[in-house]
$ cat start_9.cif   # mmCIF, C-alpha atoms and all ligand atoms
data_start
#
loop_
_atom_site.label_atom_id
_atom_site.label_comp_id
_atom_site.auth_asym_id
_atom_site.auth_seq_id
_atom_site.Cartn_x
_atom_site.Cartn_y
_atom_site.Cartn_z
CA MET R 173 41.76 74.10 75.07
CA ILE R 174 43.01 73.44 78.62
CA ARG R 175 46.46 72.85 77.19
CA ALA R 176 46.32 76.17 75.30
CA LEU R 177 45.29 77.96 78.46
CA ALA R 178 48.09 76.37 80.42
CA LEU R 179 50.58 77.41 77.75
CA ALA R 180 49.22 80.95 77.78
CA ALA R 181 49.51 81.01 81.58
CA ALA R 182 53.08 79.73 81.38
CA ALA R 183 53.95 82.37 78.81
CA MET R 184 52.48 85.03 81.07
CA ALA R 185 54.40 83.68 84.04
CA LEU R 186 57.76 84.04 82.29
CA PRO R 187 58.11 87.82 82.43
CA SER R 188 57.16 87.84 86.08
CA ILE R 189 59.91 85.32 86.88
CA ALA R 190 62.40 87.56 85.08
CA ALA R 191 61.08 90.53 87.04
CA ALA R 192 61.43 88.63 90.31
CA GLN R 193 65.04 87.74 89.47
CA ALA R 194 65.84 91.36 88.64
CA ALA R 195 64.23 92.43 91.91
CA ALA R 196 66.27 89.84 93.82
CA ALA R 197 69.53 91.26 92.43
CA LYS R 198 68.55 94.82 93.21
CA PRO R 199 69.55 95.99 96.68
CA ASP R 200 66.82 96.81 99.19
CA PRO R 201 68.17 99.47 101.57
CA ALA R 202 65.11 99.16 103.83
CA LYS R 203 65.91 95.49 104.46
CA GLY R 204 69.54 96.55 104.87
CA GLN R 205 68.56 98.98 107.56
CA SER R 206 66.93 96.22 109.57
CA VAL R 207 70.13 94.12 109.35
CA ALA R 208 72.15 97.18 110.38
CA SER R 209 69.95 97.89 113.39
CA GLN R 210 70.04 94.26 114.54
CA VAL R 211 73.62 93.19 113.77
CA CYS R 212 75.92 96.15 113.11
CA VAL R 213 74.63 99.01 115.23
CA ALA R 214 76.78 98.34 118.30
CA CYS R 215 80.04 98.88 116.41
CA HIS R 216 79.20 100.94 113.29
CA ALA R 217 76.19 102.89 114.66
CA GLY R 218 72.79 102.94 112.99
CA ASP R 219 73.92 105.49 110.41
CA GLY R 220 77.43 104.11 109.73
CA ASN R 221 79.23 106.86 111.63
CA SER R 222 81.00 104.54 114.04
CA PRO R 223 81.81 106.07 117.41
CA LEU R 224 85.16 104.27 117.97
CA PRO R 225 88.18 104.58 115.65
CA ALA R 226 88.81 100.82 115.61
CA ASN R 227 85.52 100.41 113.74
CA PRO R 228 85.63 102.13 110.35
CA LYS R 229 82.98 104.59 109.28
CA LEU R 230 80.78 103.06 106.60
CA ALA R 231 78.50 106.01 105.81
CA GLY R 232 78.90 107.36 102.28
CA GLN R 233 81.24 104.56 101.14
CA PHE R 234 80.63 102.93 97.74
CA PRO R 235 78.10 100.09 98.10
CA GLU R 236 80.13 97.79 95.81
CA TYR R 237 83.24 98.29 97.95
CA LEU R 238 81.32 97.58 101.19
CA GLN R 239 79.75 94.49 99.65
CA LYS R 240 83.16 93.23 98.49
CA GLN R 241 84.61 93.66 101.97
CA LEU R 242 81.71 91.79 103.58
CA ALA R 243 82.19 88.92 101.13
CA ASN R 244 85.95 88.99 101.78
CA PHE R 245 85.39 88.57 105.55
CA LYS R 246 83.57 85.29 104.91
CA PRO R 247 85.46 82.04 104.34
CA ALA R 248 84.25 80.50 101.07
CA GLY R 249 84.78 77.30 99.09
CA GLY R 250 86.85 75.70 101.86
CA LYS R 251 89.36 78.55 101.70
CA LYS R 252 90.02 80.97 104.53
CA ALA R 253 88.57 84.45 104.34
CA GLU R 254 90.37 86.84 101.98
CA ARG R 255 90.30 89.57 104.63
CA ASP R 256 91.10 88.36 108.10
CA SER R 257 89.12 89.82 111.02
CA ALA R 258 87.84 87.67 113.85
CA VAL R 259 85.22 90.28 114.72
CA MET R 260 83.85 90.69 111.21
CA ALA R 261 84.06 86.97 110.38
CA GLY R 262 81.70 86.24 113.26
CA THR R 263 79.39 88.98 112.06
CA VAL R 264 79.08 87.95 108.42
CA ALA R 265 78.82 84.21 109.14
CA ASN R 266 75.03 84.37 109.31
CA LEU R 267 74.46 86.87 106.51
CA SER R 268 73.24 85.79 103.07
CA ASP R 269 74.50 87.39 99.85
CA ALA R 270 71.26 89.39 99.72
CA ASP R 271 71.74 90.58 103.33
CA MET R 272 75.25 91.79 102.47
CA ARG R 273 74.06 93.56 99.32
CA ASN R 274 71.20 95.23 101.21
CA VAL R 275 73.19 96.34 104.23
CA ALA R 276 75.98 97.67 101.98
CA ALA R 277 73.40 99.72 100.03
CA TYR R 278 71.89 101.01 103.25
CA TYR R 279 75.16 102.20 104.83
CA ALA R 280 76.36 103.66 101.51
CA SER R 281 73.22 105.82 101.42
CA GLN R 282 73.93 107.36 104.83
CA LYS R 283 75.60 110.73 105.30
CA LEU R 284 79.22 110.68 106.46
CA LYS R 285 80.11 112.70 109.53
CA PRO R 286 83.79 113.19 108.73
CA GLU R 287 86.73 113.25 111.13
CA THR R 288 89.12 116.19 111.26
CA ALA R 289 92.93 116.29 111.25
CA LYS R 290 94.20 116.98 114.76
CA SER R 291 97.74 118.08 113.80
CA LYS R 292 98.13 120.60 110.99
CA GLU R 293 101.87 119.95 110.68
CA LEU R 294 101.45 116.23 110.32
CA ALA R 295 98.58 116.69 107.87
CA ALA R 296 100.74 119.01 105.73
CA GLN R 297 103.41 116.30 105.45
CA GLY R 298 100.72 113.80 104.62
CA GLN R 299 99.30 116.05 101.93
CA LYS R 300 102.60 116.00 100.01
CA LEU R 301 102.69 112.24 99.98
CA TYR R 302 98.99 111.95 99.18
CA ARG R 303 99.26 114.23 96.16
CA GLY R 304 102.73 113.49 94.86
CA GLY R 305 103.83 110.19 96.37
CA ASN R 306 107.49 109.68 97.22
CA LEU R 307 109.57 109.65 94.03
CA ALA R 308 112.76 108.62 95.82
CA THR R 309 111.28 105.45 97.31
CA GLY R 310 108.62 104.76 94.69
CA VAL R 311 105.48 105.32 96.79
CA ALA R 312 102.66 106.03 94.32
CA ALA R 313 100.48 109.10 94.85
CA CYS R 314 97.30 108.15 96.68
CA ALA R 315 95.34 110.74 94.71
CA GLY R 316 95.79 108.69 91.55
CA CYS R 317 93.51 105.94 92.84
CA HIS R 318 91.53 107.55 95.68
CA GLY R 319 90.91 110.92 93.99
CA PRO R 320 92.39 114.34 94.82
CA ASP R 321 89.70 114.93 97.46
CA GLY R 322 89.75 111.36 98.81
CA ALA R 323 86.22 110.68 97.55
CA GLY R 324 87.47 107.50 95.86
CA ILE R 325 86.69 106.28 92.36
CA PRO R 326 83.60 104.09 91.93
CA SER R 327 83.32 101.36 92.56
CA GLN R 328 86.38 99.58 93.97
CA TYR R 329 88.74 102.45 94.94
CA PRO R 330 87.27 103.33 98.33
CA ARG R 331 86.54 106.74 99.75
CA LEU R 332 89.15 107.65 102.36
CA ALA R 333 88.22 111.27 103.19
CA GLY R 334 86.95 111.75 106.73
CA GLN R 335 87.83 108.22 107.90
CA PHE R 336 89.45 107.73 111.33
CA ALA R 337 93.22 108.29 111.14
CA GLU R 338 93.77 105.33 113.48
CA TYR R 339 91.84 102.99 111.17
CA ILE R 340 93.70 104.23 108.06
CA GLU R 341 97.02 103.68 109.84
CA THR R 342 96.08 100.16 110.91
CA GLN R 343 95.02 99.22 107.38
CA LEU R 344 98.18 100.63 105.77
CA LYS R 345 100.29 98.61 108.21
CA ALA R 346 98.19 95.51 107.51
CA PHE R 347 98.72 95.93 103.74
CA ARG R 348 102.44 96.47 104.36
CA SER R 349 102.84 93.28 106.40
CA GLY R 350 100.54 91.35 104.09
CA ALA R 351 98.07 90.67 106.93
CA ARG R 352 95.48 92.31 104.66
CA ALA R 353 95.83 90.89 101.17
CA ASN R 354 92.40 91.28 99.59
CA ASP R 355 93.43 94.11 97.25
CA ALA R 356 93.12 93.22 93.55
CA ASN R 357 96.55 92.77 91.89
CA GLY R 358 98.28 93.68 95.17
CA MET R 359 97.66 97.35 94.39
CA MET R 360 97.69 98.52 98.02
CA ARG R 361 100.37 96.08 99.16
CA GLY R 362 102.63 97.48 96.45
CA VAL R 363 102.10 101.02 97.73
CA ALA R 364 102.28 100.28 101.46
CA ALA R 365 105.40 98.09 101.15
CA ARG R 366 107.45 101.21 100.43
CA MET R 367 106.01 103.39 103.17
CA THR R 368 107.75 104.28 106.46
CA ASP R 369 105.91 104.53 109.80
CA PRO R 370 106.11 108.35 109.83
CA GLU R 371 104.74 108.48 106.27
CA ILE R 372 101.84 106.23 107.26
CA LYS R 373 101.04 108.39 110.29
CA ALA R 374 101.21 111.62 108.31
CA VAL R 375 99.08 110.46 105.39
CA ALA R 376 96.48 108.96 107.78
CA GLU R 377 96.23 112.31 109.57
CA TYR R 378 95.80 114.15 106.27
CA VAL R 379 93.14 111.72 105.03
CA ALA R 380 91.03 112.18 108.20
CA GLY R 381 90.73 115.89 107.46
CA LEU R 382 90.49 115.61 103.68
CA ARG R 383 87.32 116.89 101.94
C1 LIG N 401 81.77 93.83 117.31
C2 LIG N 401 81.98 94.96 116.44
C3 LIG N 401 81.50 94.89 114.99
C4 LIG N 401 80.26 94.51 114.52
C5 LIG N 401 79.06 93.99 115.31
C6 LIG N 401 80.30 94.75 113.09
N1 LIG N 401 81.52 95.25 112.72
FE1 LIG N 401 82.11 95.73 110.83
N2 LIG N 401 84.01 96.06 111.49
C7 LIG N 401 84.42 95.96 112.81
C8 LIG N 401 85.87 96.13 112.86
C9 LIG N 401 86.73 96.08 114.12
C10 LIG N 401 86.31 96.32 111.52
C11 LIG N 401 87.76 96.50 111.02
C12 LIG N 401 88.30 95.13 110.66
C13 LIG N 401 89.77 95.17 110.32
O1 LIG N 401 90.56 95.30 111.23
O2 LIG N 401 90.12 95.08 109.16
C14 LIG N 401 85.12 96.29 110.69
C15 LIG N 401 85.12 96.45 109.31
C16 LIG N 401 83.99 96.47 108.52
C17 LIG N 401 83.97 96.74 107.10
C18 LIG N 401 85.17 97.12 106.23
C19 LIG N 401 85.13 98.61 106.00
C20 LIG N 401 86.23 99.15 105.14
O3 LIG N 401 86.31 100.38 105.05
O4 LIG N 401 86.99 98.38 104.55
C21 LIG N 401 82.68 96.64 106.69
C22 LIG N 401 82.14 96.83 105.28
C23 LIG N 401 81.88 96.32 107.86
N3 LIG N 401 82.69 96.22 108.96
C24 LIG N 401 80.51 96.16 107.84
C25 LIG N 401 79.77 95.68 108.92
C26 LIG N 401 78.37 95.33 108.82
C27 LIG N 401 77.50 95.52 107.59
C28 LIG N 401 78.01 94.84 110.04
C29 LIG N 401 76.68 94.24 110.44
C30 LIG N 401 76.18 93.21 109.55
C31 LIG N 401 79.19 94.91 110.90
N4 LIG N 401 80.23 95.41 110.17
C32 LIG N 401 79.23 94.52 112.24
C33 LIG N 401 83.61 95.76 113.90
C34 LIG N 401 82.30 95.32 113.85
C1 LIG N 402 97.10 101.78 92.25
C2 LIG N 402 95.94 102.25 92.96
C3 LIG N 402 96.09 102.67 94.41
C4 LIG N 402 97.00 103.57 94.94
C5 LIG N 402 98.10 104.32 94.23
C6 LIG N 402 96.64 103.69 96.34
N1 LIG N 402 95.57 102.88 96.64
FE1 LIG N 402 94.70 102.64 98.46
N2 LIG N 402 93.44 101.21 97.72
C7 LIG N 402 93.39 100.81 96.41
C8 LIG N 402 92.39 99.78 96.26
C9 LIG N 402 92.00 99.07 94.98
C10 LIG N 402 91.84 99.56 97.55
C11 LIG N 402 90.73 98.56 97.93
C12 LIG N 402 91.30 97.19 98.24
C13 LIG N 402 90.19 96.20 98.53
O1 LIG N 402 89.47 95.84 97.59
O2 LIG N 402 90.03 95.80 99.68
C14 LIG N 402 92.54 100.48 98.44
C15 LIG N 402 92.30 100.55 99.80
C16 LIG N 402 92.92 101.45 100.65
C17 LIG N 402 92.66 101.55 102.08
C18 LIG N 402 91.67 100.72 102.88
C19 LIG N 402 90.39 101.52 103.03
C20 LIG N 402 89.38 100.90 103.95
O3 LIG N 402 88.30 101.50 104.08
O4 LIG N 402 89.65 99.85 104.54
C21 LIG N 402 93.46 102.55 102.55
C22 LIG N 402 93.55 103.04 103.98
C23 LIG N 402 94.20 103.08 101.44
N3 LIG N 402 93.87 102.39 100.30
C24 LIG N 402 95.09 104.13 101.53
C25 LIG N 402 95.93 104.56 100.49
C26 LIG N 402 96.95 105.57 100.65
C27 LIG N 402 97.21 106.36 101.93
C28 LIG N 402 97.61 105.66 99.45
C29 LIG N 402 98.84 106.49 99.10
C30 LIG N 402 100.00 106.34 99.95
C31 LIG N 402 96.96 104.71 98.54
N4 LIG N 402 95.94 104.07 99.21
C32 LIG N 402 97.33 104.51 97.21
C33 LIG N 402 94.16 101.31 95.36
C34 LIG N 402 95.21 102.23 95.49
#
$ encode --input "start_9.cif" --output "structure tokens" --more "lines below"
Ligand code: HEC
Ligand code: HEC
Amino acid sequence: MIRALALAAAAMALPSIAAAQAAAAKPDPAKGQSVASQVCVACHAGDGNSPLPANPKLAGQFPEYLQKQLANFKPAGGKKAERDSAVMAGTVANLSDADMRNVAAYYASQKLKPETAKSKELAAQGQKLYRGGNLATGVAACAGCHGPDGAGIPSQYPRLAGQFAEYIETQLKAFRSGARANDANGMMRGVAARMTDPEIKAVAEYVAGLR
């Protein structure tokens, strides 16, 4: 009788364990907000609209992309971090996988306050490259992977529209030199390797004002 009861109790406990596991894998933006307000706010602001161009805007970005970047900033399995940033490495060192998932979900849910292009001429040059690439040198059109309006393609082709031009430029140069090498199959390194400095500047300007 006692044994039967115990078995029944165990059988009842099973679904709740499964539910708890499902809940653990599901992001909790409210918990993410508390991480953001304690750890990230100084550089990325409470709503992910960072005030300084060195710190990318996070608001409205795909949560999976943000989560991947956070994981990439963290050295794992005795190997160095896939994406090198002294600042971000220090920040993610104390975050758990759940913290990263939650904070990514929180910032993704925030509304982007987009940048604007400051030079129309430069942005017009950038638009050509963004839409059509450079056939002569083999630069692929950005639109193919980041969407015609720069909104990105879920979940691993990030949104670019409205990002700081300075940050876009820095990242393109980092992909070109190989300093940033966390892109799957070298997709971005392949594109950036063929780009000139003026092309990088122009496309970054266009992207900042893209909607
Ligand atoms: C001291 C300033 C600072 C703090 C604090 C900080 N960041 Fe950053 N973050 C940066 C900088 C600078 C970069 C750009 C790194 C690079 O050069 O690639 C960055 C990049 C990122 C990126 C990559 C974005 C992209 O578009 O690829 C993510 C995601 C990110 N931070 C999330 C966070 C989160 C979440 C926190 C809090 C847990 C946080 N950061 C705390 C400065 C900071
Ligand atoms: C073949 C697909 C592909 C093409 C074409 C492409 N990209 Fe990307 N891009 C990616 C992927 C994938 C990532 C994310 C890499 C990662 O996981 O960190 C990325 C990331 C980026 C980032 C970093 C964003 C951030 O928030 O840190 C920038 C900037 C960027 N691309 C700009 C461009 C520009 C400008 C062009 C056109 C000249 C372009 N890309 C063409 C696939 C592509």
$ residues_near_ligand --input "start_9.cif" --ligand "ligand LIG 401 (chain N)" --cutoff "8 Å" --atoms "only C-alpha atoms and all ligand atoms" --output "PyMOL selection string"
chain R and resi 207-208+210-216+226-230+233+237-242+255-257+259-260+263-264+267+272+275-276+279+330+339+342-343+352
$ atom_distance --input "start_9.cif" --atom1 "atom CA of R:Ser327" --atom2 "atom CA of R:Cys314"
16.1 Å
$ closest_residue --input "start_9.cif" --among "R:Ser349, R:Ser281, R:Asn221, R:Thr288" --to "R:Ala365" --atoms "all atoms listed in the file"
R:Ser349
$ residues_near_ligand --input "start_9.cif" --ligand "ligand LIG 402 (chain N)" --cutoff "8 Å" --atoms "all atoms listed in the file" --output "JSON, numbers by chain"
{"R": [228, 237, 240, 241, 255, 301, 302, 305, 311, 312, 313, 314, 315, 316, 317, 318, 328, 329, 330, 331, 332, 335, 339, 340, 341, 342, 343, 344, 353, 354, 355, 356, 359, 360, 363, 364, 367, 372, 375, 376, 379]}
$ atom_distance --input "start_9.cif" --atom1 "atom CA of R:Phe336" --atom2 "atom CA of R:Ser268"
28.5 Å
$ closest_residue --input "start_9.cif" --among "R:Lys300, R:Arg348, R:Arg383, R:Lys252" --to "R:Ala333" --atoms "all atoms listed in the file"
R:Arg383
$ build_atoms --input "start_9.cif" --residues "stretch 281-297 of chain R" --atoms "N, CA and C atoms" --output "JSON list (two decimals), in the frame of the given file"
[["chain", "number", "residue", "atom", "x", "y", "z"],
["R", 281, "SER", "N", 74.18, 104.72, 101.62],
["R", 281, "SER", "CA", 73.22, 105.82, 101.42],
["R", 281, "SER", "C", 73.20, 106.81, 102.58],
["R", 282, "GLN", "N", 73.94, 106.49, 103.65],
["R", 282, "GLN", "CA", 73.93, 107.36, 104.83],
["R", 282, "GLN", "C", 74.95, 108.49, 104.68],
["R", 283, "LYS", "N", 74.72, 109.57, 105.42],
["R", 283, "LYS", "CA", 75.60, 110.73, 105.30],
["R", 283, "LYS", "C", 76.79, 110.63, 106.24],
["R", 284, "LEU", "N", 77.98, 110.76, 105.66],
["R", 284, "LEU", "CA", 79.22, 110.68, 106.46],
["R", 284, "LEU", "C", 79.37, 111.89, 107.36],
["R", 285, "LYS", "N", 79.68, 111.62, 108.63],
["R", 285, "LYS", "CA", 80.11, 112.70, 109.53],
["R", 285, "LYS", "C", 81.63, 112.58, 109.63],
["R", 286, "PRO", "N", 82.35, 113.41, 108.86],
["R", 286, "PRO", "CA", 83.79, 113.19, 108.73],
["R", 286, "PRO", "C", 84.60, 113.56, 109.97],
["R", 287, "GLU", "N", 85.73, 112.90, 110.12],
["R", 287, "GLU", "CA", 86.73, 113.25, 111.13],
["R", 287, "GLU", "C", 87.43, 114.54, 110.72],
["R", 288, "THR", "N", 88.28, 115.04, 111.62],
["R", 288, "THR", "CA", 89.12, 116.19, 111.26],
["R", 288, "THR", "C", 90.56, 115.83, 111.59],
["R", 289, "ALA", "N", 91.52, 116.51, 110.92],
["R", 289, "ALA", "CA", 92.93, 116.29, 111.25],
["R", 289, "ALA", "C", 93.23, 117.03, 112.56],
["R", 290, "LYS", "N", 93.93, 116.36, 113.47],
["R", 290, "LYS", "CA", 94.20, 116.98, 114.76],
["R", 290, "LYS", "C", 95.50, 117.77, 114.73],
["R", 291, "SER", "N", 96.47, 117.36, 113.90],
["R", 291, "SER", "CA", 97.74, 118.08, 113.80],
["R", 291, "SER", "C", 97.92, 118.63, 112.38],
["R", 292, "LYS", "N", 97.96, 119.95, 112.30],
["R", 292, "LYS", "CA", 98.13, 120.60, 110.99],
["R", 292, "LYS", "C", 99.47, 120.26, 110.35],
["R", 293, "GLU", "N", 100.52, 120.23, 111.19],
["R", 293, "GLU", "CA", 101.87, 119.95, 110.68],
["R", 293, "GLU", "C", 101.95, 118.57, 110.04],
["R", 294, "LEU", "N", 101.43, 117.61, 110.79],
["R", 294, "LEU", "CA", 101.45, 116.23, 110.32],
["R", 294, "LEU", "C", 100.62, 116.11, 109.04],
["R", 295, "ALA", "N", 99.46, 116.75, 109.03],
["R", 295, "ALA", "CA", 98.58, 116.69, 107.87],
["R", 295, "ALA", "C", 99.26, 117.31, 106.64],
["R", 296, "ALA", "N", 100.04, 118.37, 106.85],
["R", 296, "ALA", "CA", 100.74, 119.01, 105.73],
["R", 296, "ALA", "C", 101.77, 118.06, 105.12],
["R", 297, "GLN", "N", 102.47, 117.30, 105.98],
["R", 297, "GLN", "CA", 103.41, 116.30, 105.45],
["R", 297, "GLN", "C", 102.65, 115.22, 104.68]]
